[in-house]
$ cat run02.cif   # mmCIF, C-alpha atoms
data_structure
#
loop_
_atom_site.label_atom_id
_atom_site.label_comp_id
_atom_site.auth_asym_id
_atom_site.auth_seq_id
_atom_site.Cartn_x
_atom_site.Cartn_y
_atom_site.Cartn_z
CA MET X 1 -32.55 23.71 -10.54
CA THR X 2 -30.06 25.20 -8.09
CA ALA X 3 -28.81 28.73 -8.61
CA LEU X 4 -25.52 29.86 -7.04
CA ARG X 5 -24.65 33.54 -6.94
CA ALA X 6 -21.40 35.28 -6.17
CA THR X 7 -21.20 36.97 -2.77
CA PRO X 8 -19.39 40.20 -1.90
CA ALA X 9 -15.92 39.92 -0.45
CA GLY X 10 -15.85 39.42 3.31
CA LEU X 11 -19.22 37.62 3.54
CA PRO X 12 -19.92 33.90 3.91
CA PRO X 13 -21.38 32.07 0.90
CA ARG X 14 -25.13 32.33 0.46
CA LEU X 15 -27.24 29.25 0.80
CA PRO X 16 -28.29 27.93 -2.62
CA SER X 17 -31.91 28.40 -3.59
CA ARG X 18 -33.91 25.29 -4.45
CA ASP X 19 -36.22 25.02 -7.43
CA ARG X 20 -39.31 23.24 -6.10
CA SER X 21 -40.61 22.51 -9.59
CA THR X 22 -37.99 19.80 -10.16
CA ALA X 23 -37.92 18.35 -6.65
CA GLY X 24 -39.91 15.30 -7.69
CA GLU X 25 -37.64 14.65 -10.66
CA ARG X 26 -34.51 14.84 -8.56
CA ALA X 27 -35.79 12.33 -5.96
CA PRO X 28 -37.89 9.76 -7.80
CA ARG X 29 -39.99 7.27 -5.91
CA GLY X 30 -39.05 3.63 -5.72
CA LEU X 31 -35.45 3.61 -4.53
CA SER X 32 -34.94 -0.12 -5.07
CA PRO X 33 -37.25 -2.13 -7.33
CA MET X 34 -35.83 -5.34 -5.86
CA LEU X 35 -36.63 -4.19 -2.33
CA SER X 36 -40.20 -3.34 -3.34
CA ARG X 37 -40.63 -6.75 -4.94
CA LEU X 38 -39.27 -8.51 -1.85
CA ALA X 39 -41.67 -6.57 0.34
CA ALA X 40 -44.56 -7.67 -1.87
CA GLU X 41 -43.40 -11.28 -1.65
CA ARG X 42 -43.04 -11.03 2.16
CA ALA X 43 -39.55 -12.47 1.75
CA THR X 44 -37.14 -13.23 4.58
CA GLY X 45 -33.42 -12.86 4.09
CA VAL X 46 -30.70 -10.27 3.53
CA LEU X 47 -30.42 -7.77 0.68
CA LEU X 48 -26.78 -6.97 -0.17
CA ARG X 49 -26.19 -3.62 -1.86
CA GLU X 50 -23.05 -1.68 -2.73
CA CYS X 51 -23.22 0.72 0.24
CA GLY X 52 -24.97 -1.38 2.86
CA THR X 53 -27.13 -4.34 3.87
CA LEU X 54 -30.83 -4.64 4.71
CA TYR X 55 -32.24 -7.58 6.70
CA LEU X 56 -35.85 -8.54 5.99
CA ALA X 57 -38.35 -10.66 7.90
CA GLN X 58 -41.72 -11.33 6.30
CA GLY X 59 -41.16 -8.43 3.89
CA ARG X 60 -40.24 -5.89 6.62
CA VAL X 61 -36.86 -4.36 7.46
CA VAL X 62 -35.64 -5.60 10.83
CA HIS X 63 -32.04 -4.37 10.70
CA ALA X 64 -29.66 -2.36 8.50
CA GLU X 65 -25.89 -1.98 8.37
CA SER X 66 -23.52 0.23 6.37
CA PRO X 67 -19.79 0.97 6.52
CA ALA X 68 -20.65 4.68 6.36
CA ALA X 69 -22.80 4.65 9.52
CA PRO X 70 -21.88 3.76 13.12
CA GLY X 71 -23.51 0.56 14.29
CA LEU X 72 -25.89 0.02 17.18
CA ASP X 73 -22.97 -0.96 19.40
CA VAL X 74 -21.34 2.46 18.93
CA LEU X 75 -24.56 4.32 19.71
CA LEU X 76 -25.10 2.29 22.89
CA THR X 77 -21.56 2.25 24.28
CA ALA X 78 -20.17 5.66 23.24
CA HIS X 79 -21.95 7.65 25.95
CA GLY X 80 -22.11 5.03 28.69
CA THR X 81 -25.60 3.71 28.00
CA LEU X 82 -24.18 0.19 27.88
CA ASP X 83 -20.84 -1.24 28.88
CA THR X 84 -18.72 -2.63 26.04
CA ALA X 85 -18.08 -5.91 27.87
CA VAL X 86 -21.82 -6.45 28.38
CA TRP X 87 -22.46 -5.89 24.69
CA GLN X 88 -19.76 -8.34 23.65
CA ASP X 89 -21.09 -10.97 26.06
CA ALA X 90 -24.60 -10.67 24.60
CA VAL X 91 -23.28 -10.94 21.04
CA THR X 92 -21.28 -14.05 21.96
CA ARG X 93 -24.23 -15.85 23.60
CA ALA X 94 -26.77 -14.93 20.91
CA ASP X 95 -28.30 -17.76 18.88
CA ASP X 96 -31.32 -18.39 16.66
CA LEU X 97 -33.74 -18.55 19.60
CA HIS X 98 -32.30 -15.84 21.79
CA GLY X 99 -30.93 -12.82 19.93
CA ALA X 100 -28.59 -10.29 21.50
CA ALA X 101 -31.42 -7.76 21.90
CA ARG X 102 -33.56 -10.19 23.90
CA LEU X 103 -30.61 -11.15 26.12
CA LEU X 104 -29.89 -7.51 26.93
CA VAL X 105 -33.50 -6.76 27.87
CA GLU X 106 -34.04 -9.95 29.88
CA SER X 107 -30.83 -9.39 31.84
CA GLY X 108 -31.95 -5.90 32.82
CA ARG X 109 -29.02 -4.17 31.10
CA LEU X 110 -31.34 -2.19 28.82
CA THR X 111 -34.97 -1.25 28.87
CA SER X 112 -37.06 -2.18 25.89
CA GLY X 113 -37.80 1.49 25.13
CA THR X 114 -34.12 2.49 25.10
CA LEU X 115 -33.21 -0.45 22.90
CA GLU X 116 -36.05 0.24 20.48
CA LEU X 117 -35.19 3.94 20.19
CA CYS X 118 -31.49 3.30 19.55
CA HIS X 119 -32.25 0.47 17.16
CA LEU X 120 -34.59 2.58 15.02
CA GLY X 121 -31.98 5.35 14.87
CA ALA X 122 -29.30 2.92 13.73
CA LEU X 123 -31.67 1.27 11.23
CA TYR X 124 -32.72 4.49 9.49
CA ASP X 125 -29.18 5.81 9.60
CA ALA X 126 -27.69 2.76 7.86
CA ALA X 127 -30.63 2.43 5.43
CA TYR X 128 -29.98 5.98 4.18
CA PHE X 129 -26.54 4.90 2.91
CA ALA X 130 -27.59 1.38 1.89
CA LEU X 131 -30.26 2.79 -0.45
CA ALA X 132 -27.90 5.32 -2.04
CA PRO X 133 -27.65 5.22 -5.85
CA SER X 134 -25.17 2.60 -6.99
CA SER X 135 -23.88 1.10 -10.20
CA ALA X 136 -23.70 -2.49 -8.91
CA PRO X 137 -26.81 -4.69 -8.81
CA GLY X 138 -28.14 -5.90 -5.47
CA ARG X 139 -28.23 -9.54 -4.32
CA PHE X 140 -30.72 -11.23 -2.00
CA ARG X 141 -30.15 -14.34 0.12
CA TYR X 142 -33.24 -16.08 1.36
CA GLY X 143 -33.56 -17.36 4.90
CA THR X 144 -30.66 -15.41 6.45
CA GLY X 145 -31.38 -13.76 9.81
CA HIS X 146 -29.41 -11.37 12.03
CA TRP X 147 -27.85 -12.22 15.38
CA LEU X 148 -29.47 -9.18 17.01
CA GLY X 149 -32.93 -10.69 16.71
CA PRO X 150 -36.22 -8.88 16.09
CA VAL X 151 -36.68 -5.54 17.84
CA ARG X 152 -39.22 -3.53 15.87
CA PRO X 153 -39.75 -4.35 12.17
CA VAL X 154 -40.25 -1.36 9.86
CA PRO X 155 -42.21 -1.44 6.59
CA VAL X 156 -40.18 -0.99 3.42
CA ALA X 157 -42.32 1.99 2.38
CA ALA X 158 -41.47 3.79 5.66
CA VAL X 159 -37.73 3.19 5.14
CA GLU X 160 -37.82 4.55 1.59
CA ARG X 161 -39.92 7.54 2.62
CA GLU X 162 -37.52 8.46 5.43
CA THR X 163 -34.51 8.05 3.10
CA LEU X 164 -36.03 10.45 0.56
CA ARG X 165 -36.87 12.98 3.29
CA ARG X 166 -33.27 12.96 4.50
CA ARG X 167 -31.91 13.43 0.99
CA ASP X 168 -34.15 16.40 0.46
CA LEU X 169 -33.16 17.93 3.82
CA LEU X 170 -29.44 17.73 3.06
CA HIS X 171 -30.00 19.20 -0.39
CA ARG X 172 -31.84 22.18 1.09
CA ILE X 173 -29.05 22.83 3.57
CA TRP X 174 -26.19 22.62 1.06
CA PRO X 175 -26.52 20.94 -2.34
CA ASP X 176 -22.87 19.92 -2.69
CA PRO X 177 -22.43 16.30 -1.52
CA GLY X 178 -18.64 16.51 -1.66
CA THR X 179 -18.44 16.97 2.11
CA ASP X 180 -20.19 13.65 2.78
CA SER X 181 -17.24 11.38 1.93
CA ALA X 182 -14.12 13.54 1.44
CA PRO X 183 -11.58 14.36 4.18
CA LEU X 184 -12.57 17.64 5.79
CA THR X 185 -10.44 20.59 6.83
CA ARG X 186 -11.09 23.91 8.49
CA ALA X 187 -11.69 26.99 6.43
CA ASP X 188 -11.04 30.58 7.40
CA PRO X 189 -14.26 32.51 6.86
CA PRO X 190 -13.98 36.27 7.03
CA ARG X 191 -16.89 36.44 9.47
CA ALA X 192 -17.19 33.25 11.48
CA PRO X 193 -20.76 32.54 12.61
CA ALA X 194 -21.75 31.56 16.12
CA LEU X 195 -21.60 27.78 16.48
CA THR X 196 -23.69 25.45 18.56
CA ALA X 197 -22.20 22.91 20.95
CA ARG X 198 -22.76 20.10 18.44
CA GLN X 199 -21.09 22.09 15.67
CA ARG X 200 -18.11 23.00 17.87
CA ALA X 201 -17.59 19.30 18.61
CA VAL X 202 -17.47 18.62 14.87
CA VAL X 203 -15.06 21.49 14.18
CA ALA X 204 -12.74 20.27 16.93
CA LEU X 205 -12.19 17.02 15.01
CA LEU X 206 -11.37 18.60 11.64
CA ASP X 207 -7.78 17.68 10.87
CA GLY X 208 -7.71 17.24 7.09
CA ALA X 209 -7.84 13.44 7.39
CA ARG X 210 -11.16 12.56 9.05
CA THR X 211 -14.30 12.15 6.97
CA ALA X 212 -17.89 12.62 8.08
CA THR X 213 -18.09 8.92 8.99
CA ASP X 214 -14.93 9.14 11.09
CA ILE X 215 -16.27 12.16 12.96
CA ALA X 216 -19.59 10.42 13.61
CA ARG X 217 -17.85 7.36 15.05
CA ALA X 218 -15.58 9.49 17.21
CA LEU X 219 -18.56 11.42 18.61
CA GLY X 220 -20.83 8.37 18.92
CA ARG X 221 -23.57 10.00 16.86
CA PRO X 222 -25.61 8.84 13.86
CA ALA X 223 -23.90 9.60 10.59
CA PHE X 224 -26.88 11.46 9.13
CA HIS X 225 -27.05 13.86 12.09
CA THR X 226 -23.36 14.54 11.63
CA LEU X 227 -23.92 15.21 7.92
CA VAL X 228 -26.52 17.83 8.83
CA ASP X 229 -24.00 19.69 11.00
CA ILE X 230 -21.26 19.34 8.38
CA ARG X 231 -23.36 20.71 5.54
CA ARG X 232 -24.45 23.65 7.64
CA LEU X 233 -20.83 24.38 8.48
CA ALA X 234 -19.93 24.08 4.80
CA ALA X 235 -22.69 26.52 3.88
CA ALA X 236 -21.30 28.96 6.45
CA GLY X 237 -17.77 28.60 5.08
CA VAL X 238 -16.36 27.05 8.28
CA LEU X 239 -15.16 23.81 6.67
CA ALA X 240 -14.47 22.48 3.21
CA PRO X 241 -13.24 19.26 1.58
CA ARG X 242 -9.48 18.95 1.69
CA PRO X 243 -7.95 19.84 -1.67
CA PRO X 244 -6.05 17.01 -3.35
CA HIS X 245 -2.30 16.96 -2.91
CA PRO X 246 -0.54 18.49 -5.94
CA THR X 247 1.43 16.09 -8.06
CA PRO X 248 5.12 17.11 -8.31
CA ALA X 249 6.09 18.41 -11.75
CA HIS X 250 9.28 16.36 -11.79
CA PRO X 251 8.67 13.17 -9.85
CA THR X 252 12.00 11.76 -10.94
CA HIS X 253 14.06 14.42 -9.18
CA PRO X 254 14.05 12.65 -5.81
CA ASP X 255 15.45 9.56 -7.53
CA ARG X 256 18.25 11.57 -9.11
CA GLU X 257 19.37 13.29 -5.91
CA PRO X 258 21.48 10.41 -4.60
CA THR X 259 23.29 10.17 -7.96
CA PRO X 260 25.87 12.91 -7.16
CA GLN X 261 26.56 11.18 -3.87
CA ARG X 262 27.40 7.95 -5.67
CA ILE X 263 29.61 9.82 -8.16
CA HIS X 264 31.52 11.58 -5.38
CA ALA X 265 31.99 8.35 -3.51
CA GLU X 266 33.71 6.63 -6.43
CA PRO X 267 36.77 8.97 -6.59
CA ALA X 268 37.07 8.54 -2.83
CA ASP X 269 37.32 4.80 -3.35
CA ARG X 270 39.96 5.31 -6.04
CA GLU X 271 42.16 7.63 -3.95
CA PRO X 272 44.45 4.82 -2.73
CA THR X 273 45.24 4.01 -6.37
CA PRO X 274 47.82 6.88 -6.80
CA GLN X 275 49.42 5.81 -3.53
CA ARG X 276 50.04 2.36 -4.96
CA THR X 277 51.44 3.76 -8.22
CA HIS X 278 53.81 6.30 -6.60
CA PRO X 279 56.33 3.72 -5.35
CA GLU X 280 56.69 2.28 -8.87
CA PRO X 281 58.31 5.40 -10.44
CA ALA X 282 60.47 5.64 -7.32
CA ASP X 283 61.67 2.08 -7.83
CA ARG X 284 62.61 2.76 -11.43
CA GLY X 285 64.23 6.20 -11.13
CA HIS X 286 65.52 6.38 -7.55
CA ALA X 287 66.38 2.89 -6.48
CA PRO X 288 68.77 3.93 -3.66
CA GLN X 289 66.15 6.21 -2.03
CA GLN X 290 63.56 3.50 -2.21
CA THR X 291 65.75 1.02 -0.38
CA ARG X 292 65.97 3.42 2.53
CA THR X 293 62.29 4.39 2.79
CA GLU X 294 60.37 1.21 2.00
CA PRO X 295 61.72 -1.17 4.66
CA PRO X 296 60.28 0.90 7.59
CA ALA X 297 56.84 1.10 5.88
CA ARG X 298 56.43 -2.36 4.40
CA GLY X 299 58.87 -4.50 6.36
CA PRO X 300 60.31 -7.53 4.60
CA THR X 301 57.70 -7.40 1.81
CA PRO X 302 59.60 -4.87 -0.40
CA GLN X 303 62.72 -7.06 -0.19
CA ARG X 304 60.88 -9.83 -2.01
CA THR X 305 59.36 -7.51 -4.61
CA HIS X 306 62.53 -5.49 -5.45
CA PRO X 307 64.27 -8.20 -7.52
CA ASP X 308 61.22 -8.46 -9.80
CA PRO X 309 61.42 -5.03 -11.49
CA PRO X 310 65.19 -5.32 -12.26
CA ASP X 311 64.58 -8.79 -13.74
CA ARG X 312 61.96 -7.37 -16.08
CA ARG X 313 64.14 -4.50 -17.32
CA PRO X 314 67.67 -5.92 -17.96
CA ALA X 315 67.13 -9.28 -19.65
CA PRO X 316 70.86 -10.29 -19.66
CA GLU X 317 70.85 -10.29 -15.82
CA ARG X 318 68.46 -13.24 -15.67
CA ALA X 319 69.58 -16.62 -14.45
CA CYS X 320 69.57 -18.02 -18.01
CA PRO X 321 72.82 -16.87 -19.77
CA HIS X 322 71.39 -17.54 -23.25
CA PRO X 323 67.96 -15.99 -23.77
CA ALA X 324 67.62 -17.78 -27.15
CA ASP X 325 67.90 -21.28 -25.59
CA PRO X 326 64.63 -23.13 -24.88
CA PRO X 327 63.55 -23.54 -21.29
CA SER X 328 65.06 -26.26 -19.23
CA LEU X 329 62.70 -29.09 -20.16
CA PRO X 330 63.59 -32.81 -20.39
CA VAL X 331 65.28 -33.45 -23.77
CA ARG X 332 63.64 -36.13 -25.88
CA PRO X 333 66.21 -38.48 -27.58
CA ARG X 334 66.40 -38.06 -31.34
CA PRO X 335 65.49 -41.26 -33.29
CA PRO X 336 68.35 -42.75 -35.44
CA ALA X 337 68.41 -41.97 -39.12
CA LEU X 338 67.66 -44.57 -41.82
CA ALA X 339 71.34 -44.92 -42.84
CA GLU X 340 72.31 -45.48 -39.22
CA ARG X 341 69.72 -48.21 -38.79
CA LEU X 342 71.05 -50.06 -41.96
CA ALA X 343 74.71 -50.04 -40.87
CA PRO X 344 76.51 -53.50 -40.91
CA ASP X 345 77.09 -53.44 -37.19
CA ASP X 346 73.50 -52.60 -36.41
CA PRO X 347 71.92 -55.39 -34.30
CA ASP X 348 68.72 -55.33 -36.33
CA VAL X 349 70.60 -55.73 -39.61
CA ALA X 350 72.58 -58.65 -38.18
CA LEU X 351 69.39 -60.32 -37.03
CA LEU X 352 67.84 -59.98 -40.45
CA ARG X 353 70.92 -61.49 -42.09
CA ARG X 354 70.79 -64.55 -39.81
CA VAL X 355 67.13 -65.05 -40.59
CA ARG X 356 67.86 -64.80 -44.34
CA ASP X 357 70.68 -67.33 -44.09
CA ALA X 358 68.47 -69.77 -42.22
CA LEU X 359 65.75 -69.49 -44.84
CA GLU X 360 68.24 -70.09 -47.73
CA ALA X 361 69.60 -73.20 -46.00
CA LEU X 362 66.16 -74.76 -46.07
#
$ encode --input "run02.cif" --output "structure tokens"
Amino acid sequence: MTALRATPAGLPPRLPSRDRSTAGERAPRGLSPMLSRLAAERATGVLLRECGTLYLAQGRVVHAESPAAPGLDVLLTAHGTLDTAVWQDAVTRADDLHGAARLLVESGRLTSGTLELCHLGALYDAAYFALAPSSAPGRFRYGTGHWLGPVRPVPVAAVERETLRRRDLLHRIWPDPGTDSAPLTRADPPRAPALTARQRAVVALLDGARTATDIARALGRPAFHTLVDIRRLAAAGVLAPRPPHPTPAHPTHPDREPTPQRIHAEPADREPTPQRTHPEPADRGHAPQQTRTEPPARGPTPQRTHPDPPDRRPAPERACPHPADPPSLPVRPRPPALAERLAPDDPDVALLRRVRDALEAL
């Protein structure tokens, strides 16, 4: 059990004390039952976990990768041990028979001791994150190798033992794991401690956005070694996780700010409307003044529009002298009445009489 005590004002926070009686309960043995079973089966393939990947050959770990840890390429090229172009060329030419590690050693670019030392550092560094507790089950693919090729296989028991040792070391330094993944920012301790060169390099990269993994990649160091420096700085009060950004109390205010601008713009668009309505009262009440002022402004256009208002007001002045008469449409002839059609001199009546006379003669 960890006990935290309040410190007097002006002093850095005290390191938490560790209860050794529960150390075994906090870090139980057997980090991955699947990994232990694969080691017993002497399986060959790749174990996919939530935070990383472990490559096995005959039940031993030959390589490890994790997004939280810099890869072997970063450790070799960051400080000039190996040129980046040489590394890329070896990766491109690697195949099942000749891995990238063998090509680098045979070409004389790296010694076998340097490659083995860097490879073990990258393997243990990535395995620490790959074996972290996770909620997703692991998956294993049989028969899948790595393009790097064999360098120095490590027993599964040694990988698990080193992972547990590193967890315990970080817990003794500072038991709060919040600094391992959160963006880090500088703190202002009342009494800043003396920093080492490695710690000063870490503090120089604190900008409120970089995480421990980002700092490790920028420095070209293993992620676990960077975590050690970061937890020591956190225990001394030099750095802390960046606090989350406060959520605005009224998030809709920024959306409402442009509303007054749209309201003010509408009257501006309607300003020409009174200018168009002013000439109308002038036409009705002061016709002589309008005839003098409008021709210079509108040219011949007002001359065509002036007759329209007088035509609408005095109806008797229209072209039609009788407003009650229908419009000048073509007049349809009225059909003759029944009495007119039966008149003696009507051609139809005469025709009917001749037909009747002809029928009576028969």
$ closest_residue --input "run02.cif" --among "X:Ala90, X:Val151, X:Leu103, X:Leu82" --to "X:Arg60" --atoms "all atoms listed in the file"
X:Val151
$ atom_distance --input "run02.cif" --atom1 "atom CA of X:Leu110" --atom2 "atom CA of X:His79"
13.9 Å
$ residues_around --input "run02.cif" --residues "X:Met34" --least-positions-apart "5" --cutoff "10 Å" --atoms "all atoms listed in the file" --output "list in words"
Ala39, Ala40, Leu47, Pro137, Gly138, Arg139 and Phe140 of chain X
$ write_last_selection --input "run02.cif" --atoms "C-alpha atoms" --output "PDB file, keeping the file's coordinate frame"
ATOM      1  CA  ALA X  39     -41.670  -6.570   0.340  1.00  0.00           C
ATOM      2  CA  ALA X  40     -44.560  -7.670  -1.870  1.00  0.00           C
ATOM      3  CA  LEU X  47     -30.420  -7.770   0.680  1.00  0.00           C
ATOM      4  CA  PRO X 137     -26.810  -4.690  -8.810  1.00  0.00           C
ATOM      5  CA  GLY X 138     -28.140  -5.900  -5.470  1.00  0.00           C
ATOM      6  CA  ARG X 139     -28.230  -9.540  -4.320  1.00  0.00           C
ATOM      7  CA  PHE X 140     -30.720 -11.230  -2.000  1.00  0.00           C
TER       8      PHE X 140
END
$ atom_distance --input "run02.cif" --atom1 "atom CA of X:Ala100" --atom2 "atom CA of X:His63"
12.8 Å
$ atom_distance --input "run02.cif" --atom1 "atom CA of X:Arg210" --atom2 "atom CA of X:Arg231"
15.1 Å
$ resolve_selection --input "run02.cif" --expression "the PyMOL selection byres ((chain X and resi 64-71) around 8)" --output "ChimeraX atom specification"
/X:51-55,61-63,72-75,122-127,129-130,213,216-217,220-224
$ write_last_selection --input "run02.cif" --atoms "C-alpha atoms" --output "PDB file, keeping the file's coordinate frame"
ATOM      1  CA  CYS X  51     -23.220   0.720   0.240  1.00  0.00           C
ATOM      2  CA  GLY X  52     -24.970  -1.380   2.860  1.00  0.00           C
ATOM      3  CA  THR X  53     -27.130  -4.340   3.870  1.00  0.00           C
ATOM      4  CA  LEU X  54     -30.830  -4.640   4.710  1.00  0.00           C
ATOM      5  CA  TYR X  55     -32.240  -7.580   6.700  1.00  0.00           C
ATOM      6  CA  VAL X  61     -36.860  -4.360   7.460  1.00  0.00           C
ATOM      7  CA  VAL X  62     -35.640  -5.600  10.830  1.00  0.00           C
ATOM      8  CA  HIS X  63     -32.040  -4.370  10.700  1.00  0.00           C
ATOM      9  CA  LEU X  72     -25.890   0.020  17.180  1.00  0.00           C
ATOM     10  CA  ASP X  73     -22.970  -0.960  19.400  1.00  0.00           C
ATOM     11  CA  VAL X  74     -21.340   2.460  18.930  1.00  0.00           C
ATOM     12  CA  LEU X  75     -24.560   4.320  19.710  1.00  0.00           C
ATOM     13  CA  ALA X 122     -29.300   2.920  13.730  1.00  0.00           C
ATOM     14  CA  LEU X 123     -31.670   1.270  11.230  1.00  0.00           C
ATOM     15  CA  TYR X 124     -32.720   4.490   9.490  1.00  0.00           C
ATOM     16  CA  ASP X 125     -29.180   5.810   9.600  1.00  0.00           C
ATOM     17  CA  ALA X 126     -27.690   2.760   7.860  1.00  0.00           C
ATOM     18  CA  ALA X 127     -30.630   2.430   5.430  1.00  0.00           C
ATOM     19  CA  PHE X 129     -26.540   4.900   2.910  1.00  0.00           C
ATOM     20  CA  ALA X 130     -27.590   1.380   1.890  1.00  0.00           C
ATOM     21  CA  THR X 213     -18.090   8.920   8.990  1.00  0.00           C
ATOM     22  CA  ALA X 216     -19.590  10.420  13.610  1.00  0.00           C
ATOM     23  CA  ARG X 217     -17.850   7.360  15.050  1.00  0.00           C
ATOM     24  CA  GLY X 220     -20.830   8.370  18.920  1.00  0.00           C
ATOM     25  CA  ARG X 221     -23.570  10.000  16.860  1.00  0.00           C
ATOM     26  CA  PRO X 222     -25.610   8.840  13.860  1.00  0.00           C
ATOM     27  CA  ALA X 223     -23.900   9.600  10.590  1.00  0.00           C
ATOM     28  CA  PHE X 224     -26.880  11.460   9.130  1.00  0.00           C
TER      29      PHE X 224
END
$ residues_around --input "run02.cif" --residues "X:Arg109" --least-positions-apart "3" --cutoff "9 Å" --atoms "all atoms listed in the file" --output "list in words"
Leu82, Asp83, Val86, Leu103, Leu104, Val105 and Glu106 of chain X
$ resolve_selection --input "run02.cif" --expression "the PyMOL selection byres ((chain X and resi 243) around 12)" --output "number ranges by chain"
X: 178-179, 182-187, 208-209, 239-242, 244-247
$ closest_residue --input "run02.cif" --among "X:Thr92, X:Ala236, X:Leu195, X:Arg49" --to "X:Ala132" --atoms "all atoms listed in the file"
X:Arg49
$ residues_around --input "run02.cif" --residues "X:Thr196" --least-positions-apart "5" --cutoff "12 Å" --atoms "all atoms listed in the file" --output "list in words"
Ala201, Val202, Val203, Asp229, Arg232 and Leu233 of chain X
$ resolve_selection --input "run02.cif" --expression "the PyMOL selection byres ((chain X and resi 159) around 9)" --output "ChimeraX atom specification"
/X:61,123-124,127-128,154-158,160-164
$ closest_residue --input "run02.cif" --among "X:Glu360, X:Asp348, X:Glu41, X:Asp214" --to "X:Ser181" --atoms "all atoms listed in the file"
X:Asp214
